[in-house]
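J.: Okay, handing you the structure first.
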Amino acid sequence: MRVLVTGAGGMVARAVSEHCTSRGDEVFAYDHRALDIATAGQVSRQVARIKPDALINCAAWTDVDGCERHPERSQAANAQGPENLAQACRQDNVVFVTISTDYVFDGEKEGFYTQLDNANPKSVYGMSKLAGERLAQLAYARTIVVRSGFIFGAGGRNFLSTVAERLHRQEPLGAIADAWGTPTYSVHLAARLRDLAQLDLPGIYHVVNSGEGATYDEFARAVARELGEDQSLVRSVMSSALDRPAPRPRNSRLKCLISEARGLLPLPPWRDAVREFLASDRSSGTPN
């Protein structure tokens, strides 16, 4: 396949580019400087020039608190951007895959959120991502929306991705103990994004590693156990103590109702994914 990947500076896009390249695809990866998805004309010209078989959109503004302070920027990147990409894909008959988030849910449900649950985001970030889902689907029937969350992997700058490095430095960690999600390894997510592009069956998919989910605190302690590091470095904190501008869902665990029916096996358990991630870090020479 010829695959166009947006958001190439980010963790997931890098994993997508590496996975697609390993499968023999011709990959065209663009970061924000090379392709601003909020600029419709630029998007249309690039898609028409490359003529990809699939476009996998990993571009987004994921600074949740930044989005709360600057809703217009959030709307441009997370809502107008996917709409622009979908319209360009429609013009050139390209399958379109775009990543959304577990933050489209309010977090009040017990258990797992599925595609049957109503989206009800509480943050500007979640609202803009939900708008991006809907605008893209309205613009182009051949749109595949992938909701995920608690994503970790090589090169990630988020808490989950940096736990091992911080523990190795014997750095105390404050980890949230009252917010649950489903940890997702970027490498496994990347492989599923390509699978969905090949499957070319539009709809909303929830893509996360399997298992009962975890809090940030549980994830950090699992990493500490795997590394043989001191678990006392992990300090449990409550969300209310952080005084963050944007609200977060208390529970954003995801489960997919349609993946297996379409021949897609569940992703490995998240604890196995953590082991794979840590082993990959060791083999690449990254300290942990």
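By order of appearance in the structure tokens: chains A, B, ..., then residues from 1 within every chain, and ligands from 1 in the order shown.
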Set the distance at 12 Å and use only C-alpha atoms: which residues neighbour range 22-29 of chain A once local chain neighbours fewer than 3 positions away are removed? I'd like the list as a ChimeraX atom specification.
T.: /A:1-10,12-19,32-35,46-47,49-59,190-191,194-195,198
J.: Would you mind listing what lies within 6 Å of range 265-274 of chain A as a PyMOL selection string, with only C-alpha atoms counted and same-chain residues fewer than 6 positions away left out?
T.: chain A and resi 183+209-211
J.: At a cut-off of 8 Å, can you tabulate as CSV every residue of range 178-216 of chain A near range 93-110 of chain A together with its closest atom pair and the distance in Å to one decimal, using only C-alpha atoms and ordering rows by chain then number?
T.:
residue,atom,partner,partner_atom,distance
A:Leu193,CA,A:Val97,CA,7.3
A:Leu196,CA,A:Val97,CA,7.7
A:Ala197,CA,A:Val95,CA,6.5
A:Asp200,CA,A:Val95,CA,6.5
J.: Extract the full set of strand (DSSP E or B) residues from range 149-270 of chain A according to DSSP on the backbone, and format it as a list in words.
T.: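 DSSP-assigned strand (DSSP E or B) residues in range 149-270 of chain A: Ile151, Phe152, Leu173, Gly174, Ala175, Ile176, Trp180, Gly181, Thr184, Tyr185, Gly203, Ile204, Tyr205, His206, Asn209, Ser210, Ala214, Thr215, Val234, Arg235, Ser236, Val237, Asn251, Leu254, Leu267, Pro268 and Pro269 of chain A.
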J.: Using only C-alpha atoms, find the one residue out of A:Arg250, A:Ser280, A:Ala222, A:Leu201 that sits nearest to Arg262 in chain A.
T.: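 So, comparing all the options, the nearest one is A:Leu201.
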J.: Which residues are close to range 120-128 of chain A, i.e. within 8 Å by only C-alpha atoms, leaving aside same-chain residues fewer than 6 positions away? Reply as a CSV table (one decimal) with all heavy atoms, in the first residue's frame.
T.:
chain,number,residue,atom,x,y,z
A,62,THR,N,-3.0,17.2,21.7
A,62,THR,CA,-3.4,16.3,22.8
A,62,THR,C,-3.1,16.9,24.2
A,62,THR,O,-3.3,16.2,25.2
A,62,THR,CB,-2.7,14.9,22.7
A,62,THR,OG1,-1.3,15.1,22.7
A,62,THR,CG2,-3.2,14.2,21.4
A,63,ASP,N,-2.7,18.2,24.2
A,63,ASP,CA,-2.5,18.8,25.5
A,63,ASP,C,-3.9,19.2,26.0
A,63,ASP,O,-4.5,20.2,25.7
A,63,ASP,CB,-1.7,20.1,25.3
A,63,ASP,CG,-1.4,20.9,26.5
A,63,ASP,OD1,-2.0,20.6,27.6
A,63,ASP,OD2,-0.6,21.9,26.5
A,64,VAL,N,-4.4,18.3,26.9
A,64,VAL,CA,-5.8,18.5,27.4
A,64,VAL,C,-6.0,19.8,28.1
A,64,VAL,O,-7.0,20.5,27.9
A,64,VAL,CB,-6.1,17.3,28.3
A,64,VAL,CG1,-7.5,17.4,28.8
A,64,VAL,CG2,-5.9,16.0,27.6
A,67,CYS,N,-5.8,22.6,25.5
A,67,CYS,CA,-7.1,22.7,24.8
A,67,CYS,C,-8.1,23.5,25.6
A,67,CYS,O,-8.9,24.3,25.0
A,67,CYS,CB,-7.6,21.3,24.4
A,67,CYS,SG,-6.6,20.5,23.2
A,68,GLU,N,-8.2,23.3,26.9
A,68,GLU,CA,-9.1,23.9,27.7
A,68,GLU,C,-8.9,25.5,27.7
A,68,GLU,O,-9.9,26.2,27.7
A,68,GLU,CB,-9.0,23.4,29.2
A,68,GLU,CG,-10.3,23.6,30.0
A,68,GLU,CD,-11.4,22.7,29.6
A,68,GLU,OE1,-11.2,21.7,28.9
A,68,GLU,OE2,-12.6,23.0,30.0
A,71,PRO,N,-9.6,26.9,23.2
A,71,PRO,CA,-10.6,26.1,22.5
A,71,PRO,C,-10.5,26.2,21.0
A,71,PRO,O,-10.8,25.3,20.2
A,71,PRO,CB,-11.9,26.5,23.1
A,71,PRO,CG,-11.7,27.8,23.7
A,71,PRO,CD,-10.3,27.8,24.2
A,74,SER,N,-7.8,24.0,19.7
A,74,SER,CA,-8.3,22.6,19.8
A,74,SER,C,-9.2,22.3,18.7
A,74,SER,O,-9.2,21.2,18.1
A,74,SER,CB,-8.9,22.4,21.2
A,74,SER,OG,-9.4,21.1,21.3
A,75,GLN,N,-10.2,23.2,18.4
A,75,GLN,CA,-11.2,22.9,17.3
A,75,GLN,C,-10.5,22.8,16.0
A,75,GLN,O,-10.9,21.9,15.2
A,75,GLN,CB,-12.2,24.0,17.3
A,75,GLN,CG,-13.3,23.9,16.4
A,75,GLN,CD,-14.3,22.8,16.8
A,75,GLN,OE1,-14.3,22.3,18.0
A,75,GLN,NE2,-15.3,22.5,15.9
A,78,ASN,N,-8.3,19.4,16.1
A,78,ASN,CA,-9.0,18.1,16.4
A,78,ASN,C,-10.3,17.9,15.7
A,78,ASN,O,-10.8,16.8,15.7
A,78,ASN,CB,-9.1,18.0,17.9
A,78,ASN,CG,-7.8,18.0,18.7
A,78,ASN,OD1,-6.8,17.5,18.1
A,78,ASN,ND2,-7.8,18.5,19.9
A,79,ALA,N,-10.9,19.0,15.2
A,79,ALA,CA,-12.2,18.8,14.6
A,79,ALA,C,-12.1,19.2,13.1
A,79,ALA,O,-12.4,18.4,12.2
A,79,ALA,CB,-13.2,19.7,15.3
A,101,THR,N,-10.4,9.4,20.8
A,101,THR,CA,-9.9,9.3,22.2
A,101,THR,C,-11.0,8.8,23.1
A,101,THR,O,-12.2,8.9,22.8
A,101,THR,CB,-9.5,10.7,22.7
A,101,THR,OG1,-9.1,10.6,24.1
A,101,THR,CG2,-10.6,11.7,22.6
A,103,TYR,N,-11.6,10.2,25.8
A,103,TYR,CA,-12.1,11.3,26.5
A,103,TYR,C,-13.4,11.8,25.9
A,103,TYR,O,-14.0,12.8,26.3
A,103,TYR,CB,-11.1,12.5,26.4
A,103,TYR,CG,-10.0,12.4,27.5
A,103,TYR,CD1,-9.5,11.1,27.9
A,103,TYR,CD2,-9.5,13.5,28.2
A,103,TYR,CE1,-8.5,11.0,28.8
A,103,TYR,CE2,-8.6,13.4,29.1
A,103,TYR,CZ,-8.0,12.2,29.5
A,103,TYR,OH,-7.1,12.1,30.4
A,104,VAL,N,-13.9,11.1,24.9
A,104,VAL,CA,-15.3,11.5,24.4
A,104,VAL,C,-16.4,11.0,25.3
A,104,VAL,O,-17.5,11.4,25.2
A,104,VAL,CB,-15.5,10.9,22.9
A,104,VAL,CG1,-14.5,11.4,21.9
A,104,VAL,CG2,-15.6,9.4,23.0
A,105,PHE,N,-16.0,10.2,26.3
A,105,PHE,CA,-17.0,9.8,27.3
A,105,PHE,C,-16.8,10.6,28.6
A,105,PHE,O,-15.7,11.1,28.9
A,105,PHE,CB,-16.8,8.3,27.6
A,105,PHE,CG,-17.1,7.4,26.4
A,105,PHE,CD1,-16.0,6.8,25.7
A,105,PHE,CD2,-18.4,7.3,25.9
A,105,PHE,CE1,-16.3,6.0,24.6
A,105,PHE,CE2,-18.6,6.5,24.8
A,105,PHE,CZ,-17.6,5.9,24.1
A,106,ASP,N,-17.9,10.7,29.4
A,106,ASP,CA,-17.9,11.5,30.6
A,106,ASP,C,-17.2,10.8,31.8
A,106,ASP,O,-16.9,11.4,32.8
A,106,ASP,CB,-19.3,12.0,31.0
A,106,ASP,CG,-20.3,10.9,31.2
A,106,ASP,OD1,-19.9,9.7,31.5
A,106,ASP,OD2,-21.5,11.1,31.0
A,246,ALA,N,-8.6,21.2,33.0
A,246,ALA,CA,-9.6,20.4,32.2
A,246,ALA,C,-10.0,19.2,33.0
A,246,ALA,O,-9.2,18.5,33.6
A,246,ALA,CB,-9.0,20.0,30.9
A,247,PRO,N,-11.3,18.9,33.0
A,247,PRO,CA,-11.8,17.7,33.7
A,247,PRO,C,-11.4,16.5,32.9
A,247,PRO,O,-11.3,16.5,31.7
A,247,PRO,CB,-13.3,17.9,33.7
A,247,PRO,CG,-13.6,18.8,32.5
A,247,PRO,CD,-12.4,19.7,32.4
A,248,ARG,N,-11.2,15.4,33.6
A,248,ARG,CA,-10.8,14.1,33.0
A,248,ARG,C,-11.9,13.1,33.4
A,248,ARG,O,-12.5,13.2,34.5
A,248,ARG,CB,-9.5,13.6,33.5
A,248,ARG,CG,-8.3,14.0,32.7
A,248,ARG,CD,-7.8,15.4,32.9
A,248,ARG,NE,-6.5,15.6,32.4
A,248,ARG,CZ,-5.9,16.8,32.4
A,248,ARG,NH1,-6.6,17.8,32.8
A,248,ARG,NH2,-4.7,16.9,31.9
A,249,PRO,N,-12.2,12.1,32.5
A,249,PRO,CA,-13.1,11.1,32.9
A,249,PRO,C,-12.6,10.2,34.0
A,249,PRO,O,-11.4,9.8,34.0
A,249,PRO,CB,-13.4,10.3,31.6
A,249,PRO,CG,-12.2,10.6,30.8
A,249,PRO,CD,-11.7,11.9,31.1
J.: Write down as a PyMOL selection string the residues of range 64-262 of chain A whose backbone DSSP state falls under helix (DSSP H, G or I).
T.: chain A and resi 64-69+71-92+102-104+124-139+159-168+186-199+216-227+231-233+239-241+260-262
J.: I need the residue nearest Val146 in chain A from this list: A:Trp61, A:Tyr205, A:Tyr185, A:Tyr113. Use only C-alpha atoms for the distance.
T.: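 Using only C-alpha atoms, Val146 in chain A sits closest to A:Tyr205.
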J.: Nearest to Leu173 in chain A among A:Ile37, A:Ala220, A:Leu199, A:Leu116, with distances taken over only C-alpha atoms: which residue is it?
T.: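 Among the listed residues, A:Ala220 lies closest to Leu173 in chain A.
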J.: Can you list, as a list in words, every protein, DNA or RNA residue that comes within 9 Å of Leu227 in chain A when you count only C-alpha atoms, leaving out same-chain residues fewer than 2 positions away?
T.: Ala164, Leu167, His168, Ala222, Val223, Ala224, Arg225, Glu229, Asp230, Leu278 and Asn288 of chain A
J.: Which residue out of A:Ser44, A:Gln115, A:Asn158, A:Gln231 has the minimum interatomic distance to Ile258 in chain A when only C-alpha atoms are used?
T.: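 Closest to Ile258 in chain A, using only C-alpha atoms: A:Gln115.
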J.: Could you tell me how far CA of Gly156 in chain A lies from CA of Ala77 in chain A, in Å and to one decimal?
T.: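 These atoms are spaced 19.5 Å apart.
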J.: So which one's closest to Ala175 in chain A, A:Ser252, A:Ser236, A:Gln91, A:Thr21? Using only C-alpha atoms, please.
T.: A:Ser236
J.: So which one's closest to Ile176 in chain A, A:Met238, A:Ala261, A:Val43, A:Ala88? Using only C-alpha atoms, please.
T.: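 Residue with the minimum atom-to-atom distance to Ile176 in chain A: A:Met238.
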J.: Using only C-alpha atoms, which protein or nucleic acid residues come within 10 Å of Glu83 in chain A? Drop anything in the same chain fewer than 3 positions from it, and give the result as a PDB file with N, CA and C atoms, in the first residue's frame.
T.:
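Wrote it out as selection.pdb, contents follow:
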ATOM      1  N   ILE A  37      -2.911  19.988   9.063  1.00  0.00           N
ATOM      2  CA  ILE A  37      -4.195  19.401   8.667  1.00  0.00           C
ATOM      3  C   ILE A  37      -5.346  20.382   8.826  1.00  0.00           C
ATOM      4  N   ALA A  38      -5.136  21.480   9.562  1.00  0.00           N
ATOM      5  CA  ALA A  38      -6.184  22.488   9.708  1.00  0.00           C
ATOM      6  C   ALA A  38      -6.291  23.403   8.493  1.00  0.00           C
ATOM      7  N   ALA A  40      -7.133  23.433   4.785  1.00  0.00           N
ATOM      8  CA  ALA A  40      -7.807  22.547   3.834  1.00  0.00           C
ATOM      9  C   ALA A  40      -7.087  22.466   2.492  1.00  0.00           C
ATOM     10  N   ALA A  76      -9.522  23.643  15.712  1.00  0.00           N
ATOM     11  CA  ALA A  76      -8.842  23.613  14.412  1.00  0.00           C
ATOM     12  C   ALA A  76      -8.106  22.294  14.204  1.00  0.00           C
ATOM     13  N   ALA A  77      -7.341  21.880  15.207  1.00  0.00           N
ATOM     14  CA  ALA A  77      -6.525  20.679  15.059  1.00  0.00           C
ATOM     15  C   ALA A  77      -7.345  19.398  15.141  1.00  0.00           C
ATOM     16  N   ASN A  78      -8.283  19.352  16.083  1.00  0.00           N
ATOM     17  CA  ASN A  78      -8.953  18.089  16.405  1.00  0.00           C
ATOM     18  C   ASN A  78     -10.303  17.893  15.737  1.00  0.00           C
ATOM     19  N   ALA A  79     -10.897  18.956  15.232  1.00  0.00           N
ATOM     20  CA  ALA A  79     -12.196  18.845  14.559  1.00  0.00           C
ATOM     21  C   ALA A  79     -12.094  19.207  13.081  1.00  0.00           C
ATOM     22  N   GLN A  80     -11.611  20.412  12.783  1.00  0.00           N
ATOM     23  CA  GLN A  80     -11.498  20.823  11.385  1.00  0.00           C
ATOM     24  C   GLN A  80     -10.454  19.990  10.647  1.00  0.00           C
ATOM     25  N   ALA A  86     -10.748  14.070   5.639  1.00  0.00           N
ATOM     26  CA  ALA A  86     -11.822  13.233   5.093  1.00  0.00           C
ATOM     27  C   ALA A  86     -12.289  13.751   3.741  1.00  0.00           C
ATOM     28  N   GLN A  87     -12.431  15.054   3.623  1.00  0.00           N
ATOM     29  CA  GLN A  87     -12.869  15.627   2.346  1.00  0.00           C
ATOM     30  C   GLN A  87     -11.842  15.372   1.247  1.00  0.00           C
ATOM     31  N   ALA A  88     -10.566  15.497   1.581  1.00  0.00           N
ATOM     32  CA  ALA A  88      -9.519  15.237   0.590  1.00  0.00           C
ATOM     33  C   ALA A  88      -9.498  13.765   0.195  1.00  0.00           C
ATOM     34  N   CYS A  89      -9.710  12.879   1.174  1.00  0.00           N
ATOM     35  CA  CYS A  89      -9.749  11.447   0.875  1.00  0.00           C
ATOM     36  C   CYS A  89     -10.941  11.097  -0.006  1.00  0.00           C
ATOM     37  N   ALA A 131     -16.178  16.108  17.859  1.00  0.00           N
ATOM     38  CA  ALA A 131     -16.562  16.865  16.667  1.00  0.00           C
ATOM     39  C   ALA A 131     -15.777  16.378  15.458  1.00  0.00           C
ATOM     40  N   GLY A 132     -14.496  16.068  15.649  1.00  0.00           N
ATOM     41  CA  GLY A 132     -13.682  15.547  14.557  1.00  0.00           C
ATOM     42  C   GLY A 132     -14.196  14.226  14.033  1.00  0.00           C
ATOM     43  N   GLU A 133     -14.608  13.346  14.937  1.00  0.00           N
ATOM     44  CA  GLU A 133     -15.205  12.077  14.521  1.00  0.00           C
ATOM     45  C   GLU A 133     -16.411  12.326  13.611  1.00  0.00           C
ATOM     46  N   ARG A 134     -17.314  13.152  14.100  1.00  0.00           N
ATOM     47  CA  ARG A 134     -18.597  13.346  13.410  1.00  0.00           C
ATOM     48  C   ARG A 134     -18.435  14.104  12.098  1.00  0.00           C
ATOM     49  N   LEU A 135     -17.587  15.120  12.097  1.00  0.00           N
ATOM     50  CA  LEU A 135     -17.369  15.878  10.873  1.00  0.00           C
ATOM     51  C   LEU A 135     -16.716  15.018   9.798  1.00  0.00           C
ATOM     52  N   ALA A 136     -15.769  14.179  10.197  1.00  0.00           N
ATOM     53  CA  ALA A 136     -15.108  13.301   9.232  1.00  0.00           C
ATOM     54  C   ALA A 136     -16.091  12.291   8.655  1.00  0.00           C
ATOM     55  N   GLN A 137     -16.928  11.716   9.503  1.00  0.00           N
ATOM     56  CA  GLN A 137     -17.896  10.733   9.023  1.00  0.00           C
ATOM     57  C   GLN A 137     -18.943  11.370   8.112  1.00  0.00           C
ATOM     58  N   LEU A 138     -19.340  12.595   8.430  1.00  0.00           N
ATOM     59  CA  LEU A 138     -20.293  13.304   7.567  1.00  0.00           C
ATOM     60  C   LEU A 138     -19.665  13.665   6.223  1.00  0.00           C
ATOM     61  N   ALA A 139     -18.376  13.974   6.246  1.00  0.00           N
ATOM     62  CA  ALA A 139     -17.701  14.393   5.022  1.00  0.00           C
ATOM     63  C   ALA A 139     -17.424  13.230   4.085  1.00  0.00           C
ATOM     64  N   TYR A 140     -17.242  12.015   4.667  1.00  0.00           N
ATOM     65  CA  TYR A 140     -16.777  10.892   3.837  1.00  0.00           C
ATOM     66  C   TYR A 140     -17.246   9.581   4.450  1.00  0.00           C
TER      67      TYR A 140
END
J.: CA of Arg235 in chain A to CA of Arg221 in chain A: how many Å, to one decimal?
T.: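 Going from CA of Arg235 in chain A over to CA of Arg221 in chain A, I get 9.6 Å.
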J.: Between CA of Asp117 in chain A and CA of Thr215 in chain A, measure the distance and give it in Å to one decimal.
T.: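 Between these atoms lies a distance of 21.3 Å.
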